[in-house]
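Here's my_file.tsv, which has TSV, C-alpha atoms and all ligand atoms:
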chain	number	residue	atom	x	y	z
A	9	MET	CA	-29.28	2.67	-2.27
A	10	ASN	CA	-26.11	4.68	-2.30
A	11	SER	CA	-23.29	2.33	-1.35
A	12	GLN	CA	-20.75	5.12	-1.30
A	13	ILE	CA	-19.53	5.68	2.26
A	14	ILE	CA	-16.84	8.31	1.83
A	15	SER	CA	-16.53	11.10	-0.63
A	16	VAL	CA	-13.43	13.29	-0.74
A	17	ASN	CA	-14.00	16.51	-2.65
A	18	ASN	CA	-11.22	18.80	-3.86
A	19	LEU	CA	-9.20	18.38	-0.70
A	20	THR	CA	-6.22	20.73	-0.42
A	21	LYS	CA	-3.82	21.24	2.47
A	22	GLN	CA	-0.63	23.24	2.04
A	23	TYR	CA	1.76	23.46	4.98
A	24	GLN	CA	3.94	26.12	3.37
A	25	GLN	CA	3.28	28.84	0.84
A	26	THR	CA	6.70	28.64	-0.75
A	27	GLN	CA	7.13	24.99	-1.67
A	28	VAL	CA	5.07	21.93	-2.51
A	29	SER	CA	3.94	20.17	0.66
A	30	GLY	CA	0.79	18.48	1.81
A	31	ILE	CA	-1.89	17.57	-0.71
A	32	SER	CA	-3.57	19.42	-3.52
A	33	ASN	CA	-7.03	19.15	-5.01
A	34	ILE	CA	-7.72	15.49	-4.27
A	35	SER	CA	-11.09	13.95	-5.10
A	36	PHE	CA	-12.28	10.35	-4.95
A	37	SER	CA	-15.01	8.25	-3.41
A	38	ILE	CA	-15.06	4.93	-1.58
A	39	LYS	CA	-17.66	2.17	-1.62
A	40	GLN	CA	-18.80	0.76	1.69
A	41	GLY	CA	-16.90	-2.43	2.58
A	42	ASP	CA	-14.03	-1.80	0.21
A	43	ILE	CA	-10.36	-1.81	1.08
A	44	VAL	CA	-8.66	1.23	-0.37
A	45	ALA	CA	-4.88	1.44	-0.56
A	46	ILE	CA	-3.12	4.75	-1.03
A	47	ILE	CA	0.42	4.23	-2.28
A	48	GLY	CA	3.12	6.84	-2.71
A	49	GLU	CA	6.73	7.41	-1.81
A	50	SER	CA	7.68	9.04	1.47
A	51	GLY	CA	6.55	12.68	1.58
A	52	SER	CA	3.88	12.23	-1.10
A	53	GLY	CA	1.14	13.34	1.30
A	54	LYS	CA	-0.33	10.03	2.43
A	55	SER	CA	-0.48	10.80	6.15
A	56	THR	CA	-1.78	14.30	5.45
A	57	LEU	CA	-4.62	12.89	3.37
A	58	LEU	CA	-5.49	10.32	6.04
A	59	LYS	CA	-5.53	12.96	8.79
A	60	CYS	CA	-7.75	15.23	6.71
A	61	ILE	CA	-10.20	12.38	6.13
A	62	TYR	CA	-10.31	11.64	9.86
A	63	GLY	CA	-10.71	15.31	10.77
A	64	LEU	CA	-7.42	15.58	12.66
A	65	ILE	CA	-6.13	18.41	10.52
A	66	LYS	CA	-8.09	21.13	8.84
A	67	ALA	CA	-7.98	21.26	5.06
A	68	ASP	CA	-7.44	24.62	3.37
A	69	GLU	CA	-10.07	23.76	0.82
A	70	GLY	CA	-12.48	20.96	0.05
A	71	GLU	CA	-14.41	18.58	2.27
A	72	VAL	CA	-14.84	14.97	3.28
A	73	LEU	CA	-18.30	13.44	3.47
A	74	LEU	CA	-19.02	10.33	5.55
A	75	ASN	CA	-22.39	8.89	4.54
A	76	GLY	CA	-23.23	12.28	3.07
A	77	LYS	CA	-22.38	14.20	6.24
A	78	LYS	CA	-19.43	16.56	6.38
A	79	VAL	CA	-16.58	15.34	8.60
A	80	LYS	CA	-15.79	18.04	11.13
A	81	GLY	CA	-12.32	19.53	11.35
A	82	PRO	CA	-10.34	20.03	14.58
A	83	ASP	CA	-11.62	23.61	14.87
A	84	GLU	CA	-15.24	22.54	14.74
A	85	GLN	CA	-15.33	20.17	17.72
A	86	LEU	CA	-13.74	19.65	21.13
A	87	ILE	CA	-12.10	16.30	20.45
A	88	PRO	CA	-10.63	16.02	16.96
A	89	GLY	CA	-11.45	12.86	15.04
A	90	ASN	CA	-14.65	11.10	14.14
A	91	ALA	CA	-16.65	8.63	16.25
A	92	GLU	CA	-17.45	6.41	13.27
A	93	MET	CA	-13.85	6.20	12.11
A	94	LYS	CA	-10.72	4.95	13.86
A	95	MET	CA	-7.15	5.61	12.93
A	96	VAL	CA	-4.25	3.30	13.76
A	97	THR	CA	-0.90	5.01	13.42
A	98	GLN	CA	2.65	3.68	13.56
A	99	ASP	CA	2.96	4.36	17.30
A	100	PHE	CA	-0.31	2.45	18.01
A	101	SER	CA	-1.22	4.60	21.05
A	102	LEU	CA	-1.57	1.60	23.34
A	103	ASN	CA	-1.14	1.60	27.10
A	104	ILE	CA	2.14	-0.29	27.11
A	105	TYR	CA	2.06	-1.32	30.79
A	106	ALA	CA	-1.48	-2.64	30.68
A	107	LYS	CA	-2.49	-6.11	29.55
A	108	VAL	CA	-3.68	-6.84	26.03
A	109	TYR	CA	-7.17	-7.70	27.25
A	110	ASP	CA	-7.51	-4.47	29.23
A	111	ASN	CA	-6.25	-2.34	26.36
A	112	ILE	CA	-9.02	-3.65	24.14
A	113	ALA	CA	-11.77	-3.83	26.77
A	114	SER	CA	-11.09	-0.24	27.85
A	115	MET	CA	-12.85	0.93	24.70
A	116	LEU	CA	-16.21	-0.43	25.95
A	117	SER	CA	-18.41	0.93	28.71
A	118	ASN	CA	-19.05	-0.92	31.97
A	119	THR	CA	-22.83	-0.89	31.71
A	120	ASP	CA	-22.92	-4.54	30.68
A	121	ILE	CA	-19.83	-6.31	32.04
A	122	LYS	CA	-20.72	-9.68	30.51
A	123	ALA	CA	-21.25	-8.22	27.04
A	124	LYS	CA	-18.03	-6.29	27.40
A	125	GLN	CA	-16.13	-9.46	28.19
A	126	GLU	CA	-17.71	-11.42	25.34
A	127	LYS	CA	-17.08	-8.72	22.78
A	128	THR	CA	-13.47	-8.32	23.83
A	129	LEU	CA	-12.78	-12.06	23.65
A	130	GLU	CA	-14.51	-12.31	20.29
A	131	MET	CA	-12.43	-9.53	18.83
A	132	MET	CA	-9.25	-11.11	20.20
A	133	GLU	CA	-10.26	-14.40	18.57
A	134	ARG	CA	-10.81	-12.66	15.25
A	135	LEU	CA	-7.33	-11.15	15.28
A	136	HIS	CA	-5.63	-14.32	16.55
A	137	ILE	CA	-4.39	-12.72	19.77
A	138	THR	CA	-6.36	-14.76	22.32
A	139	LYS	CA	-3.19	-16.38	23.66
A	140	LEU	CA	-1.71	-12.93	24.33
A	141	LYS	CA	-4.64	-11.98	26.58
A	142	ASP	CA	-2.68	-11.59	29.81
A	143	LYS	CA	0.55	-10.24	28.38
A	144	LYS	CA	1.52	-6.62	28.74
A	145	ILE	CA	1.88	-4.60	25.53
A	146	ILE	CA	5.52	-3.98	26.33
A	147	GLU	CA	6.16	-7.74	26.09
A	148	LEU	CA	4.81	-7.99	22.54
A	149	SER	CA	6.48	-7.84	19.14
A	150	GLY	CA	5.66	-5.01	16.72
A	151	GLY	CA	3.34	-7.25	14.73
A	152	GLU	CA	1.46	-8.36	17.83
A	153	GLN	CA	1.07	-4.77	18.99
A	154	GLN	CA	-0.31	-3.97	15.56
A	155	ARG	CA	-3.01	-6.61	15.97
A	156	VAL	CA	-3.94	-5.31	19.42
A	157	ALA	CA	-4.18	-1.77	18.02
A	158	ILE	CA	-6.49	-2.96	15.26
A	159	ALA	CA	-8.62	-4.95	17.70
A	160	LYS	CA	-8.89	-1.86	19.88
A	161	ALA	CA	-9.88	0.29	16.94
A	162	LEU	CA	-12.50	-2.18	15.72
A	163	ILE	CA	-14.28	-3.01	18.95
A	164	SER	CA	-16.26	0.18	19.23
A	165	ASN	CA	-18.73	0.80	16.44
A	166	THR	CA	-16.23	1.63	13.78
A	167	LYS	CA	-17.38	1.99	10.19
A	168	VAL	CA	-14.10	3.10	8.69
A	169	LEU	CA	-10.65	1.94	9.76
A	170	LEU	CA	-7.73	4.16	8.77
A	171	LEU	CA	-4.31	2.50	8.80
A	172	ASP	CA	-1.12	4.51	8.38
A	173	GLU	CA	1.76	2.27	7.21
A	174	PRO	CA	0.25	-0.75	8.99
A	175	PHE	CA	2.89	-3.26	7.98
A	176	SER	CA	6.04	-1.26	8.54
A	177	GLN	CA	6.96	-2.91	11.83
A	178	VAL	CA	5.89	-6.41	10.95
A	179	ASP	CA	8.27	-9.07	9.64
A	180	SER	CA	7.45	-10.54	6.26
A	181	LEU	CA	5.96	-13.86	7.35
A	182	LEU	CA	3.57	-12.22	9.80
A	183	LYS	CA	2.88	-9.48	7.29
A	184	ASN	CA	1.25	-11.94	4.92
A	185	GLN	CA	-0.94	-13.30	7.68
A	186	LEU	CA	-1.89	-9.85	8.95
A	187	ARG	CA	-2.81	-8.75	5.43
A	188	ALA	CA	-4.96	-11.82	4.94
A	189	ASP	CA	-6.62	-11.24	8.33
A	190	ILE	CA	-7.39	-7.62	7.50
A	191	LYS	CA	-8.90	-8.63	4.20
A	192	ARG	CA	-11.03	-11.32	5.85
A	193	LEU	CA	-12.15	-8.92	8.59
A	194	ALA	CA	-13.26	-6.37	6.04
A	195	LYS	CA	-15.21	-8.93	4.05
A	196	GLU	CA	-16.80	-10.49	7.16
A	197	THR	CA	-17.83	-7.28	8.83
A	198	GLY	CA	-18.47	-4.87	5.96
A	199	LEU	CA	-15.87	-2.59	7.49
A	200	THR	CA	-14.37	-0.03	5.11
A	201	ILE	CA	-10.59	0.22	5.30
A	202	ILE	CA	-8.28	2.93	4.05
A	203	LEU	CA	-4.61	2.08	4.33
A	204	VAL	CA	-1.64	4.12	3.24
A	205	SER	CA	1.76	2.65	2.54
A	206	HIS	CA	4.97	3.27	0.66
A	207	ASP	CA	5.13	-0.47	-0.02
A	208	PRO	CA	3.02	-1.32	-3.10
A	209	THR	CA	2.80	-5.01	-2.29
A	210	ASP	CA	0.46	-4.06	0.56
A	211	GLY	CA	-1.91	-2.38	-1.83
A	212	LEU	CA	-1.76	-4.80	-4.69
A	213	PHE	CA	-2.55	-7.76	-2.52
A	214	LEU	CA	-5.25	-6.24	-0.36
A	215	ALA	CA	-7.06	-3.50	-2.12
A	216	ASP	CA	-10.28	-3.27	-4.06
A	217	GLN	CA	-9.31	0.25	-5.02
A	218	LEU	CA	-5.84	1.69	-5.40
A	219	LEU	CA	-4.81	5.34	-5.35
A	220	ILE	CA	-1.39	6.55	-6.43
A	221	LEU	CA	-0.15	9.71	-4.77
A	222	LYS	CA	2.81	11.76	-5.97
A	223	GLN	CA	3.90	15.10	-4.52
A	224	GLY	CA	0.48	15.65	-3.01
A	225	LYS	CA	-1.41	14.94	-6.21
A	226	LEU	CA	-3.63	11.99	-7.07
A	227	LEU	CA	-2.18	10.38	-10.19
A	228	GLN	CA	-4.45	7.40	-10.61
A	229	ASN	CA	-7.49	5.80	-8.99
A	230	ASP	CA	-8.64	2.37	-10.17
A	231	SER	CA	-8.43	-1.34	-9.39
A	232	PRO	CA	-4.90	-2.58	-8.62
A	233	ALA	CA	-4.85	-4.75	-11.76
A	234	ALA	CA	-5.97	-1.91	-14.03
A	235	ILE	CA	-3.32	0.41	-12.63
A	236	TYR	CA	-0.57	-2.19	-12.76
A	237	GLN	CA	-1.33	-3.11	-16.36
A	238	ASN	CA	-1.85	0.45	-17.52
A	239	PRO	CA	0.02	2.88	-15.29
A	240	SER	CA	-0.67	6.46	-16.33
A	241	ASP	CA	2.74	7.62	-15.26
A	242	ILE	CA	6.34	6.32	-15.16
A	243	TYR	CA	6.37	6.94	-11.38
A	244	THR	CA	3.47	4.51	-10.99
A	245	ALA	CA	5.14	1.80	-13.06
A	246	LYS	CA	8.33	2.18	-11.03
A	247	ILE	CA	6.68	2.19	-7.64
A	248	LEU	CA	4.34	-0.75	-8.39
A	249	GLY	CA	6.47	-3.08	-10.45
A	250	ASN	CA	10.04	-1.86	-10.39
A	251	ALA	CA	9.69	-1.15	-14.10
A	252	VAL	CA	12.57	-0.73	-16.53
A	253	VAL	CA	12.62	2.81	-17.94
A	254	LEU	CA	14.55	3.60	-21.13
A	255	ASP	CA	14.79	6.84	-23.05
A	256	ALA	CA	14.05	6.80	-26.78
A	257	ASN	CA	17.73	6.58	-27.68
A	258	GLU	CA	18.34	3.61	-25.40
A	259	ALA	CA	15.18	1.93	-26.68
A	260	ASP	CA	16.43	2.34	-30.26
A	261	LYS	CA	19.72	0.64	-29.35
A	262	ILE	CA	17.86	-2.53	-28.39
A	263	GLY	CA	15.55	-2.39	-31.37
A	264	ILE	CA	12.47	-0.61	-29.99
A	265	LYS	CA	11.25	2.39	-31.97
A	266	THR	CA	9.20	5.05	-30.20
A	267	SER	CA	8.02	8.56	-31.01
A	268	LYS	CA	7.67	9.33	-27.30
A	269	ASP	CA	10.38	10.16	-24.75
A	270	ASN	CA	10.40	6.89	-22.83
A	271	VAL	CA	9.73	3.21	-23.11
A	272	VAL	CA	8.68	1.40	-19.93
A	273	PHE	CA	8.17	-2.29	-19.19
A	274	TYR	CA	8.08	-4.66	-16.23
A	275	PRO	CA	10.81	-7.33	-16.03
A	276	GLU	CA	8.20	-10.08	-16.41
A	277	TRP	CA	7.17	-8.70	-19.80
A	278	VAL	CA	10.57	-9.68	-21.21
A	279	GLU	CA	10.52	-13.07	-22.93
A	280	LEU	CA	13.77	-15.02	-22.81
A	281	LYS	CA	15.00	-17.64	-25.22
A	282	SER	CA	18.38	-19.36	-25.36
A	283	THR	CA	18.48	-19.45	-29.16
A	284	TRP	CA	20.95	-17.27	-31.04
A	285	ASN	CA	19.76	-14.46	-33.16
A	286	SER	CA	20.44	-10.81	-33.75
A	287	ARG	CA	18.54	-9.56	-30.64
A	288	ARG	CA	21.24	-10.86	-28.36
A	289	PHE	CA	21.81	-9.71	-24.77
A	290	GLU	CA	24.61	-10.63	-22.41
A	291	VAL	CA	23.77	-11.68	-18.87
A	292	GLU	CA	25.59	-9.18	-16.65
A	293	GLU	CA	24.30	-10.23	-13.29
A	294	VAL	CA	22.06	-12.96	-11.89
A	295	TYR	CA	20.12	-12.13	-8.71
A	296	TYR	CA	18.85	-15.21	-6.95
A	297	LYS	CA	15.26	-14.69	-5.75
A	298	GLY	CA	14.32	-18.17	-4.59
A	299	PHE	CA	11.99	-19.72	-7.14
A	300	TYR	CA	13.15	-17.32	-9.86
A	301	ASP	CA	16.18	-15.31	-10.92
A	302	GLU	CA	16.22	-11.66	-11.83
A	303	LEU	CA	18.66	-11.11	-14.67
A	304	LEU	CA	20.45	-7.90	-15.50
A	305	LEU	CA	20.92	-7.97	-19.28
A	306	GLU	CA	23.03	-5.74	-21.50
A	307	ARG	CA	23.02	-4.98	-25.23
A	308	ASN	CA	24.77	-2.07	-26.95
A	309	GLY	CA	25.38	-0.49	-23.56
A	310	VAL	CA	21.69	-0.60	-22.60
A	311	LYS	CA	20.72	-2.46	-19.45
A	312	ILE	CA	17.36	-4.11	-18.83
A	313	ARG	CA	16.04	-6.54	-16.25
A	314	ALA	CA	14.17	-9.77	-16.92
A	315	LEU	CA	12.82	-12.67	-14.89
A	316	GLN	CA	13.88	-16.28	-15.30
A	317	LEU	CA	11.43	-18.65	-13.65
A	318	ASN	CA	13.72	-21.68	-13.71
A	319	SER	CA	16.28	-20.48	-11.24
A	320	GLY	CA	19.83	-21.23	-12.39
A	321	GLU	CA	18.96	-21.56	-16.10
A	322	HIS	CA	21.20	-18.65	-17.12
A	323	LYS	CA	24.62	-17.76	-15.76
A	324	LYS	CA	26.66	-14.60	-15.77
A	325	ASN	CA	28.22	-13.93	-19.21
A	326	ASP	CA	25.69	-16.19	-20.99
A	327	HIS	CA	24.01	-14.85	-24.08
A	328	VAL	CA	20.24	-14.84	-24.33
A	329	GLN	CA	17.67	-13.63	-26.77
A	330	ALA	CA	15.32	-11.17	-25.08
A	331	ASN	CA	12.08	-10.09	-26.66
A	332	ILE	CA	10.21	-7.20	-25.04
A	333	GLY	CA	6.74	-8.70	-25.43
A	334	ARG	CA	4.93	-5.60	-24.30
A	335	PHE	CA	5.99	-2.07	-23.45
A	336	LEU	CA	4.41	1.27	-22.64
A	337	GLU	CA	5.36	4.61	-24.13
A	338	PHE	CA	5.45	7.89	-22.21
B	1	LIG	P1	3.78	10.80	3.68
B	1	LIG	O1	2.89	10.34	4.75
B	1	LIG	O2	3.37	10.36	2.31
B	1	LIG	O3	5.22	10.47	3.92
B	1	LIG	P2	3.13	13.47	4.66
B	1	LIG	O4	1.68	13.62	4.45
B	1	LIG	O5	3.58	13.16	6.02
B	1	LIG	O6	3.69	12.41	3.59
B	1	LIG	O7	3.86	14.79	4.17
B	1	LIG	C1	3.65	15.35	2.90
B	1	LIG	C2	4.49	16.59	2.74
B	1	LIG	O8	4.07	17.60	3.64
B	1	LIG	C3	5.96	16.36	3.03
B	1	LIG	O9	6.70	17.17	2.14
B	1	LIG	C4	6.11	16.84	4.46
B	1	LIG	O10	7.42	17.32	4.68
B	1	LIG	C5	5.10	17.96	4.55
B	1	LIG	N1	4.55	18.06	5.91
B	1	LIG	C6	3.89	17.09	6.57
B	1	LIG	N2	3.50	17.53	7.79
B	1	LIG	C7	3.93	18.80	7.89
B	1	LIG	C8	3.84	19.81	8.90
B	1	LIG	N3	3.21	19.58	10.05
B	1	LIG	N4	4.43	21.02	8.65
B	1	LIG	C9	5.06	21.26	7.48
B	1	LIG	N5	5.17	20.36	6.49
B	1	LIG	C10	4.62	19.14	6.68
B	2	MG	MG	3.28	9.16	6.44
Reformat the file's structure so that it appears as structure tokens.
Amino acid sequence: MNSQIISVNNLTKQYQQTQVSGISNISFSIKQGDIVAIIGESGSGKSTLLKCIYGLIKADEGEVLLNGKKVKGPDEQLIPGNAEMKMVTQDFSLNIYAKVYDNIASMLSNTDIKAKQEKTLEMMERLHITKLKDKKIIELSGGEQQRVAIAKALISNTKVLLLDEPFSQVDSLLKNQLRADIKRLAKETGLTIILVSHDPTDGLFLADQLLILKQGKLLQNDSPAAIYQNPSDIYTAKILGNAVVLDANEADKIGIKTSKDNVVFYPEWVELKSTWNSRRFEVEEVYYKGFYDELLLERNGVKIRALQLNSGEHKKNDHVQANIGRFLEF
């Protein structure tokens, strides 16, 4: 059995001839039931890629296969999009004056009223929005609207759910719950989810497969852990883990020799000790983060960041010994 549901082959879409825009030569495949996160900074081509996959915009080159069948572009059918996929965008496309229940139920036909009712209520239960049933969309928060939009997308026979920046309007507490719900939904239903975001924490937490997009090009495609531990590019290390990037000269000043141009490490790779020795850094700034502190450290004019799990252990102007336990060279 081929468990691959989507295959993206050499997809290219350029909006302008003169400058880099859109996406270029992107290929990857997706296993059925997986959650795929596409991460990249604003303008990296995430929405373009999603729209090409859904068939909303026509690619210049390449194709998208859904279960081996080519996804039709907007010029090849009357209504752009694909019946087996659903896309939820930032504006949700809900009927804001209608009730939550009616927004969701409107996706189903009236041939079997009882089944329609049951299915709608079940989907509302799944997304924890049952108590919002009789509220109008306009009365809901951004996060609640998001849930309604997802319920609406899922209720018809959707195989692939496409989410464009799904957590951008949701506050952080609800975000965690919504992420967990999406993950559970995917695992319960076998639904395949593709989500794009500029926020890497979305991808790292949720995804089975992570894609890093930069200026329209696919930089890396692997599991979140593999990419985080071994980013192929400085951009990836910065976007995923707020990595410290030093040039060879700076690295040398804090005792790291490299034959490459740059040394890169995550703050949590820095080991701190309070003992005195020659590898001494001064604490320039302490950023309180709740259960840990992020320290800005300085030695010979070079600044690095490190994490201190016992919040309050080091103060500004303290001296600490910092050992860069692991680093990458680019
Ligand atoms: P993202 O979703 O990652 O922010 P987009 O896919 O929206 O990125 O855009 C990628 C690039 O293509 C950007 O440089 C953007 O300005 C350009 N772009 C997007 N849509 C259009 C369009 N309709 N016409 C011209 N350029 C566009
Ligand atoms: Mg976008």
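The space between CA of Ile202 in chain A and CA of Glu49 in chain A spans 16.7 Å.
Distances from A:Ile158, A:Ile104, A:Val204, A:Val310 to ligand LIG 1 (chain B) were compared using only C-alpha atoms and all ligand atoms, and the smallest one belongs to A:Val204.
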Kindly assemble as CSV a list of the range 272-321 of chain A residues that lie within 12 Å of range 220-237 of chain A, each paired with its nearest atom pair and their distance in Å to one decimal, using only C-alpha atoms, sorted first by chain and then by ascending residue number.
residue,atom,partner,partner_atom,distance
A:Val272,CA,A:Gln237,CA,11.5
A:Phe273,CA,A:Gln237,CA,9.9
A:Tyr274,CA,A:Gln237,CA,9.5
A:Glu276,CA,A:Gln237,CA,11.8
A:Trp277,CA,A:Gln237,CA,10.7
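Residues lying within 10 Å of Leu186 in chain A, counting only C-alpha atoms and ignoring same-chain neighbours fewer than 2 positions away, are Leu135, His136, Gly151, Glu152, Gln154, Arg155, Pro174, Phe175, Val178, Ser180, Leu181, Leu182, Lys183, Asn184, Ala188, Asp189, Ile190, Lys191 and Arg192 of chain A.
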For this session: List all protein, DNA and RNA residues that have any atom at most 12 Å from ligand MG 2 (chain B), counting all atoms listed in the file, and write the list as a PyMOL selection string.
Result: chain A and resi 30+46-59+97-99+171-174+176+203-207+221+224
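When all atoms listed in the file are used to compute distances to Gln316 in chain A, the closest of the residues A:Asp216, A:Asp110, A:Glu279, A:Glu130 turns out to be A:Glu279.
One finds CA of Lys195 in chain A at 24.3 Å from CA of Lys77 in chain A.
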Exercise. Hey, what's within 12 Å of Phe335 in chain A if we count only C-alpha atoms and toss same-chain stuff fewer than 4 positions away? As a count of residues only, please?
Worked result: 24
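For the pair CA of Met131 in chain A and CA of Val156 in chain A, the interatomic distance is 9.5 Å.
Comparing the minimum interatomic distances between ligand LIG 1 (chain B) and each of A:Asp255, A:Lys268, A:Ser29, A:Ile121, counting all atoms listed in the file, we find that A:Ser29 sits nearest.
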Problem set entry | Residues within 10 Å of Leu162 in chain A, all atoms listed in the file, excluding chain neighbours under 3 positions, as a PyMOL selection string | chain A and resi 93-95+112+115+131+156-159+165-169+193+199
For this session: Within 9 Å of Gly309 in chain A, counting all atoms listed in the file, which residues show up once you throw out same-chain ones fewer than 3 positions away? Write them as a list of chain:residue names, please.
Result: A:Glu258, A:Lys261, A:Glu306
